[in-house]
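One file, target-v4.txt, is given below (compact mmCIF, C-alpha atoms).
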# COMPACT_ATOMS: atom_id res chain seq x y z
CA MET A 1 78.47 -87.84 98.10
CA PRO A 2 79.20 -84.12 98.31
CA GLY A 3 81.18 -82.78 95.42
CA LEU A 4 81.95 -79.91 93.09
CA VAL A 5 80.79 -80.52 89.52
CA HIS A 6 82.61 -78.54 86.85
CA VAL A 7 80.12 -78.07 84.00
CA VAL A 8 81.69 -77.34 80.62
CA ASP A 9 79.33 -76.62 77.73
CA ASP A 10 79.10 -73.85 75.17
CA ASP A 11 75.31 -73.93 75.49
CA ALA A 12 74.44 -71.37 78.17
CA SER A 13 70.89 -72.62 78.68
CA PHE A 14 72.18 -76.15 79.22
CA ARG A 15 74.73 -74.91 81.75
CA THR A 16 72.07 -73.03 83.68
CA ALA A 17 69.54 -75.85 83.56
CA VAL A 18 72.07 -78.45 84.68
CA GLU A 19 73.33 -76.16 87.44
CA ARG A 20 69.81 -75.88 88.80
CA ARG A 21 69.27 -79.65 88.80
CA LEU A 22 72.64 -80.43 90.31
CA LYS A 23 72.31 -77.85 93.07
CA LEU A 24 68.90 -79.31 93.90
CA ALA A 25 70.61 -82.67 94.21
CA GLY A 26 73.07 -81.17 96.68
CA TYR A 27 76.19 -80.67 94.56
CA GLU A 28 78.21 -77.51 94.18
CA VAL A 29 78.61 -76.29 90.64
CA GLU A 30 81.15 -74.29 88.68
CA LYS A 31 80.29 -73.40 85.11
CA TYR A 32 82.60 -72.88 82.14
CA SER A 33 81.57 -71.76 78.68
CA SER A 34 84.46 -73.51 76.99
CA ALA A 35 87.19 -76.09 77.52
CA GLN A 36 89.81 -73.35 77.41
CA THR A 37 88.03 -71.44 80.17
CA LEU A 38 88.28 -74.50 82.41
CA LEU A 39 91.99 -74.85 81.68
CA ASP A 40 92.58 -71.15 82.23
CA ARG A 41 90.72 -70.99 85.49
CA LEU A 42 91.78 -74.35 86.91
CA VAL A 43 89.97 -73.58 90.13
CA ALA A 44 89.45 -75.99 92.94
CA PHE A 45 90.80 -79.04 91.14
CA GLU A 46 91.91 -80.52 94.42
CA ARG A 47 88.40 -80.55 95.82
CA PRO A 48 86.31 -83.72 95.55
CA GLY A 49 84.56 -83.35 92.23
CA CYS A 50 84.22 -84.28 88.60
CA VAL A 51 83.81 -82.66 85.20
CA LEU A 52 80.56 -82.70 83.24
CA LEU A 53 81.60 -82.13 79.67
CA ASP A 54 80.09 -81.79 76.22
CA VAL A 55 81.92 -83.33 73.30
CA ARG A 56 81.26 -80.87 70.49
CA MET A 57 82.26 -77.34 71.36
CA PRO A 58 83.90 -74.57 69.36
CA GLY A 59 87.60 -74.29 70.04
CA LEU A 60 88.92 -77.14 72.11
CA ASN A 61 86.42 -80.01 71.98
CA GLY A 62 85.58 -82.37 74.83
CA LEU A 63 87.93 -85.17 73.80
CA GLU A 64 90.79 -82.70 73.36
CA LEU A 65 90.11 -81.29 76.82
CA GLN A 66 90.18 -84.84 78.17
CA SER A 67 93.65 -85.32 76.65
CA ARG A 68 94.87 -82.01 78.04
CA LEU A 69 93.66 -82.91 81.52
CA ILE A 70 95.45 -86.24 81.30
CA GLU A 71 98.65 -84.43 80.28
CA LEU A 72 98.21 -82.17 83.29
CA ARG A 73 97.97 -85.33 85.41
CA SER A 74 94.50 -84.39 86.55
CA ILE A 75 92.62 -87.16 88.32
CA LEU A 76 89.26 -85.41 88.04
CA PRO A 77 86.88 -87.94 86.49
CA ILE A 78 84.93 -86.87 83.43
CA VAL A 79 81.30 -87.54 82.56
CA PHE A 80 80.55 -86.63 78.98
CA VAL A 81 77.04 -85.35 78.20
CA THR A 82 76.49 -84.89 74.50
CA GLY A 83 73.82 -84.54 71.88
CA HIS A 84 76.11 -86.14 69.31
CA ALA A 85 77.10 -89.62 70.37
CA ASP A 86 78.52 -92.10 67.93
CA ILE A 87 80.25 -95.35 68.76
CA PRO A 88 83.83 -94.33 67.86
CA THR A 89 83.57 -91.18 69.99
CA THR A 90 82.07 -93.08 72.90
CA VAL A 91 84.73 -95.76 72.76
CA ARG A 92 87.52 -93.16 72.51
CA ALA A 93 86.15 -91.27 75.50
CA ILE A 94 85.82 -94.37 77.67
CA ARG A 95 89.18 -95.81 76.61
CA ALA A 96 90.76 -92.52 77.63
CA GLY A 97 89.22 -93.05 81.06
CA ALA A 98 85.90 -91.21 81.05
CA GLU A 99 83.49 -92.37 83.70
CA ASP A 100 80.59 -92.40 81.28
CA LEU A 101 79.09 -90.81 78.21
CA LEU A 102 75.45 -89.76 78.41
CA ILE A 103 73.18 -88.66 75.61
CA LYS A 104 71.25 -85.40 75.82
CA PRO A 105 68.68 -85.03 77.12
CA ALA A 106 69.93 -86.95 80.13
CA SER A 107 67.56 -87.48 83.04
CA SER A 108 68.53 -86.20 86.47
CA GLU A 109 68.72 -89.80 87.56
CA GLN A 110 71.25 -90.67 84.85
CA LEU A 111 73.30 -87.55 85.60
CA ILE A 112 73.34 -88.13 89.33
CA ASP A 113 74.12 -91.82 88.94
CA ALA A 114 77.12 -91.03 86.74
CA ILE A 115 78.26 -88.17 88.98
CA GLU A 116 78.12 -90.38 92.07
CA ARG A 117 80.26 -93.00 90.34
CA ALA A 118 82.68 -90.28 89.24
CA LEU A 119 82.92 -88.82 92.76
CA ALA A 120 83.57 -92.25 94.24
CA ARG A 121 86.30 -92.85 91.69
CA HIS A 122 87.81 -89.45 92.45
CA GLU A 123 87.89 -90.26 96.13
CA SER A 124 89.75 -93.51 95.63
CA ALA A 125 92.13 -91.86 93.15
CA ARG A 126 92.91 -89.09 95.65
CA SER A 127 93.42 -91.64 98.39
CA HIS A 128 95.77 -93.65 96.19
CA ARG A 129 97.70 -90.54 95.20
CA GLY A 130 97.94 -89.51 98.83
CA LYS A 131 99.43 -92.88 99.74
CA LEU A 132 101.93 -92.64 96.91
CA ASP A 133 102.97 -89.18 98.04
CA ALA A 134 103.47 -90.49 101.57
CA ILE A 135 105.67 -93.36 100.31
CA LEU A 136 107.70 -90.97 98.15
CA ALA A 137 108.25 -88.80 101.20
CA LEU A 138 109.64 -91.78 103.12
CA LEU A 139 111.86 -92.75 100.19
CA ALA A 140 113.28 -89.24 100.19
CA THR A 141 114.59 -89.79 103.73
CA LEU A 142 116.96 -92.56 102.59
CA THR A 143 120.60 -91.57 102.26
CA PRO A 144 122.10 -92.07 98.79
CA ARG A 145 123.80 -95.26 99.99
CA GLU A 146 120.61 -96.57 101.56
CA ARG A 147 118.83 -95.81 98.32
CA GLN A 148 121.38 -97.87 96.42
CA VAL A 149 120.85 -100.76 98.82
CA PHE A 150 117.07 -100.40 98.45
CA ASP A 151 117.30 -100.49 94.66
CA LEU A 152 119.36 -103.67 94.75
CA ILE A 153 117.47 -105.64 97.37
CA VAL A 154 114.07 -105.05 95.78
CA ARG A 155 115.54 -106.62 92.65
CA GLY A 156 116.33 -109.76 94.59
CA LYS A 157 120.03 -109.24 95.27
CA ILE A 158 121.27 -110.93 98.42
CA ASN A 159 123.53 -109.12 100.88
CA LYS A 160 126.66 -110.66 99.41
CA GLN A 161 125.74 -109.44 95.92
CA VAL A 162 124.88 -105.99 97.21
CA ALA A 163 128.20 -105.80 99.05
CA GLY A 164 130.02 -106.77 95.86
CA ALA A 165 128.11 -104.25 93.76
CA LEU A 166 128.73 -101.39 96.19
CA GLY A 167 132.27 -102.34 97.11
CA THR A 168 131.52 -102.74 100.79
CA THR A 169 131.13 -105.47 103.41
CA GLU A 170 128.10 -107.67 104.04
CA ARG A 171 128.01 -106.33 107.56
CA THR A 172 127.64 -102.77 106.29
CA VAL A 173 124.98 -103.88 103.84
CA LYS A 174 123.02 -105.50 106.66
CA ALA A 175 123.14 -102.28 108.63
CA HIS A 176 121.94 -100.25 105.64
CA ARG A 177 119.23 -102.82 104.97
CA HIS A 178 118.00 -102.50 108.53
CA GLU A 179 117.89 -98.70 108.20
CA VAL A 180 115.99 -98.93 104.93
CA MET A 181 113.35 -101.22 106.47
CA GLU A 182 113.00 -98.88 109.43
CA LYS A 183 112.71 -95.71 107.37
CA MET A 184 110.28 -97.26 104.89
CA ARG A 185 108.25 -98.62 107.82
CA VAL A 186 108.12 -102.18 106.56
CA HIS A 187 108.73 -105.50 108.28
CA SER A 188 109.63 -107.64 105.32
CA LEU A 189 111.38 -107.58 101.98
CA ALA A 190 108.06 -108.50 100.35
CA GLU A 191 106.53 -105.26 101.58
CA LEU A 192 109.51 -103.34 100.26
CA VAL A 193 109.15 -104.99 96.85
CA LEU A 194 105.45 -104.04 96.80
CA ILE A 195 106.42 -100.45 97.45
CA ALA A 196 108.93 -100.53 94.63
CA GLU A 197 106.24 -101.93 92.29
CA ARG A 198 103.70 -99.31 93.32
CA LEU A 199 106.19 -96.58 92.63
CA GLY A 200 106.91 -98.09 89.24
CA LEU A 201 110.55 -98.70 90.11
CA ILE A 202 110.34 -102.34 89.18
CA ASP A 203 108.10 -104.25 86.80
CA PRO A 204 106.13 -106.98 88.58
CA ASN A 205 106.12 -109.06 85.41
CA GLU A 206 109.84 -109.20 84.98
CA ASN A 207 111.70 -112.19 86.35
CA SER A 208 114.16 -111.25 89.06
CA GLU A 209 117.67 -111.00 87.78
CA SER A 210 120.15 -113.58 88.99
CA MET B 1 85.16 -115.62 61.34
CA SER B 2 87.59 -112.81 61.93
CA ALA B 3 90.80 -113.64 63.70
CA GLN B 4 90.46 -110.48 65.77
CA ARG B 5 89.46 -110.91 69.32
CA ALA B 6 85.71 -110.73 69.35
CA SER B 7 83.07 -110.88 72.00
CA VAL B 8 79.35 -111.40 71.90
CA ILE B 9 76.88 -109.20 73.67
CA LEU B 10 73.61 -110.93 74.33
CA ASP B 11 70.35 -109.74 75.70
CA ILE B 12 68.99 -112.48 77.93
CA ASP B 13 65.41 -111.45 77.24
CA LEU B 14 65.26 -112.15 73.51
CA ASN B 15 61.83 -112.65 71.95
CA ASN B 16 61.93 -116.21 70.73
CA GLN B 17 64.52 -117.66 73.00
CA SER B 18 66.56 -116.78 76.01
CA GLY B 19 70.02 -115.39 75.46
CA LEU B 20 71.29 -118.19 77.64
CA ASP B 21 69.79 -120.82 75.32
CA LEU B 22 71.32 -119.08 72.33
CA ARG B 23 74.61 -119.00 74.15
CA ARG B 24 74.40 -122.72 74.80
CA GLN B 25 73.62 -123.34 71.13
CA LEU B 26 76.63 -121.30 70.09
CA ALA B 27 78.85 -123.23 72.46
CA ASP B 28 77.49 -126.54 71.19
CA GLY B 29 78.26 -125.36 67.68
CA GLY B 30 81.86 -124.76 68.72
CA VAL B 31 81.68 -120.98 69.07
CA GLN B 32 84.02 -120.05 71.88
CA LEU B 33 83.47 -116.34 72.15
CA PRO B 34 83.42 -114.48 75.43
CA VAL B 35 79.86 -113.41 76.19
CA ILE B 36 78.46 -110.34 77.88
CA LEU B 37 74.91 -110.82 79.08
CA ILE B 38 72.45 -108.00 79.46
CA THR B 39 68.99 -107.86 80.95
CA GLY B 40 66.31 -105.31 81.60
CA ASN B 41 64.80 -107.33 84.42
CA ASP B 42 67.30 -108.53 86.93
CA ASN B 43 66.42 -111.21 89.41
CA ASP B 44 68.49 -113.59 91.51
CA ALA B 45 67.69 -116.66 89.41
CA LYS B 46 68.60 -114.95 86.19
CA ARG B 47 71.78 -113.57 87.66
CA SER B 48 72.90 -116.97 88.98
CA ALA B 49 72.11 -118.68 85.69
CA ALA B 50 74.01 -116.02 83.80
CA ILE B 51 77.05 -116.19 86.01
CA LYS B 52 77.05 -119.98 86.02
CA SER B 53 77.03 -119.93 82.26
CA GLY B 54 80.42 -118.29 82.49
CA CYS B 55 79.77 -114.86 81.01
CA ILE B 56 82.51 -112.27 81.35
CA ALA B 57 80.06 -109.60 82.43
CA TYR B 58 76.44 -109.38 83.50
CA LEU B 59 74.84 -105.98 83.03
CA THR B 60 71.46 -104.76 84.11
CA LYS B 61 69.75 -101.97 82.24
CA PRO B 62 70.29 -99.10 82.48
CA PHE B 63 74.05 -99.58 82.41
CA SER B 64 76.83 -97.14 81.77
CA ALA B 65 78.80 -97.00 78.52
CA ARG B 66 81.85 -97.76 80.60
CA SER B 67 80.46 -100.97 82.09
CA LEU B 68 79.88 -102.28 78.56
CA ILE B 69 83.12 -101.08 77.01
CA GLU B 70 85.41 -102.25 79.81
CA PRO B 71 84.78 -106.00 79.36
CA VAL B 72 85.05 -105.64 75.58
CA GLU B 73 88.39 -103.86 76.02
CA LYS B 74 89.61 -106.66 78.24
CA VAL B 75 88.80 -109.16 75.50
CA ARG B 76 90.76 -107.02 73.03
CA ALA B 77 93.68 -106.99 75.43
CA ALA B 78 93.33 -110.78 75.61
CA LEU B 79 92.75 -110.74 79.33
CA PHE B 80 89.90 -113.16 78.82

Take the structure I supplied and represent it as structure tokens, if you would.
Amino acid sequence: MPGLVHVVDDDASFRTAVERRLKLAGYEVEKYSSAQTLLDRLVAFERPGCVLLDVRMPGLNGLELQSRLIELRSILPIVFVTGHADIPTTVRAIRAGAEDLLIKPASSEQLIDAIERALARHESARSHRGKLDAILALLATLTPRERQVFDLIVRGKINKQVAGALGTTERTVKAHRHEVMEKMRVHSLAELVLIAERLGLIDPNENSES
Amino acid sequence: MSAQRASVILDIDLNNQSGLDLRRQLADGGVQLPVILITGNDNDAKRSAAIKSGCIAYLTKPFSARSLIEPVEKVRAALF
């Protein structure tokens, strides 16, 4: 897959050597001499890509950068490449969502294999985020009243209960319900509930309230 | 044995016996741990046998750190 690999390592010769190998493999490369430099520059984060990152660096280390990126809601996958791998560090990195952790010297095959997995993951993450953004845009078109109806029906309230809660008639509720389904582009309540779950508005594991 | 959720990672290609045989012995002895099977030489027969034995993951070398850690994490989270 095409992609932009952000290489972060304080070792200049490593950065240059990796850049050469990755460009040969067909990737684009941006280099950063430190984690802070990456954060400061923040270039092209929206482009399909991933981060190739050392663990031990002066200043902000690799794991700290990983945390910062998570705080910034970055979905760029990270492949750690380090000369100092121990089990706790590896487990921490992977638990925090790293695609992989490779030990220097890593072969081109290992690097490319990990990068390809990272790029594929980035693509599906971008696609998922895109779909969520689209759903949020539809939700924003609901009037406040329609939004109230939406919130109640996805929690299993029937029209009568909704009418009671909002101080209106069942007939009005039905009309709002119809509008909500139209605007959210769904054909069933089940689809609407799925949307609510995806947006984190309701917890799929909770029992519906009576 | 520790009460913590544990898992066993077994190389199928052990010297004296196959990881699958060892796994069977453990099961016969009442050890009910989730097993991750690993091999350096994948083939269809081995893969089927491994999966039939009910392992939670089957990894072929070389495998990523993530592919090993993910199943172990699931055991910790009691998803297995």

Please find the residues of chain A near chain B - the criterion being any atom within 12 Å, counting all atoms listed in the file - and write them as a PDB file with C-alpha atoms, in the frame of the given file.
ATOM      1  CA  ILE A  78      84.930 -86.870  83.430  1.00  0.00           C
ATOM      2  CA  VAL A  79      81.300 -87.540  82.560  1.00  0.00           C
ATOM      3  CA  PHE A  80      80.550 -86.630  78.980  1.00  0.00           C
ATOM      4  CA  VAL A  81      77.040 -85.350  78.200  1.00  0.00           C
ATOM      5  CA  ALA A  85      77.100 -89.620  70.370  1.00  0.00           C
ATOM      6  CA  ASP A  86      78.520 -92.100  67.930  1.00  0.00           C
ATOM      7  CA  ILE A  87      80.250 -95.350  68.760  1.00  0.00           C
ATOM      8  CA  PRO A  88      83.830 -94.330  67.860  1.00  0.00           C
ATOM      9  CA  THR A  89      83.570 -91.180  69.990  1.00  0.00           C
ATOM     10  CA  THR A  90      82.070 -93.080  72.900  1.00  0.00           C
ATOM     11  CA  VAL A  91      84.730 -95.760  72.760  1.00  0.00           C
ATOM     12  CA  ARG A  92      87.520 -93.160  72.510  1.00  0.00           C
ATOM     13  CA  ALA A  93      86.150 -91.270  75.500  1.00  0.00           C
ATOM     14  CA  ILE A  94      85.820 -94.370  77.670  1.00  0.00           C
ATOM     15  CA  ARG A  95      89.180 -95.810  76.610  1.00  0.00           C
ATOM     16  CA  ALA A  96      90.760 -92.520  77.630  1.00  0.00           C
ATOM     17  CA  GLY A  97      89.220 -93.050  81.060  1.00  0.00           C
ATOM     18  CA  ALA A  98      85.900 -91.210  81.050  1.00  0.00           C
ATOM     19  CA  GLU A  99      83.490 -92.370  83.700  1.00  0.00           C
ATOM     20  CA  ASP A 100      80.590 -92.400  81.280  1.00  0.00           C
ATOM     21  CA  LEU A 101      79.090 -90.810  78.210  1.00  0.00           C
ATOM     22  CA  LEU A 102      75.450 -89.760  78.410  1.00  0.00           C
ATOM     23  CA  ILE A 103      73.180 -88.660  75.610  1.00  0.00           C
ATOM     24  CA  SER A 107      67.560 -87.480  83.040  1.00  0.00           C
ATOM     25  CA  GLU A 109      68.720 -89.800  87.560  1.00  0.00           C
ATOM     26  CA  GLN A 110      71.250 -90.670  84.850  1.00  0.00           C
ATOM     27  CA  LEU A 111      73.300 -87.550  85.600  1.00  0.00           C
ATOM     28  CA  ASP A 113      74.120 -91.820  88.940  1.00  0.00           C
ATOM     29  CA  ALA A 114      77.120 -91.030  86.740  1.00  0.00           C
ATOM     30  CA  ILE A 115      78.260 -88.170  88.980  1.00  0.00           C
ATOM     31  CA  ARG A 117      80.260 -93.000  90.340  1.00  0.00           C
ATOM     32  CA  ALA A 118      82.680 -90.280  89.240  1.00  0.00           C
TER      33      ALA A 118
END

Length of the CA of Val55 (chain A) to CA of Thr60 (chain B) vector [Å]: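 These two atoms are separated by 26.2 Å.
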
Sphere at (105.4, -96.3, 91.3), radius 12 Å, counting all atoms listed in the file: residues as a PyMOL selection string: chain A and resi 128-129+131-136+139+193-204

Among listed residues B:Ala50, B:Ala57, B:Ala78, B:Ile36, nearest Ile9 (chain B) (using only C-alpha atoms): B:Ile36

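You can rank A:Lys160, A:Arg47, A:Gln36, A:Val180 by their closest distance to Thr143 (chain A) using only C-alpha atoms, and at the top of that list sits A:Val180.
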
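Non-sequential neighbours of Pro144 (chain A) (distance at most 12 Å, separation of 4 or more positions within a chain, only C-alpha atoms) are Leu139, Ala140, Gln148, Val149, Phe150, Asp151, Leu166, His176 and Val180 of chain A.
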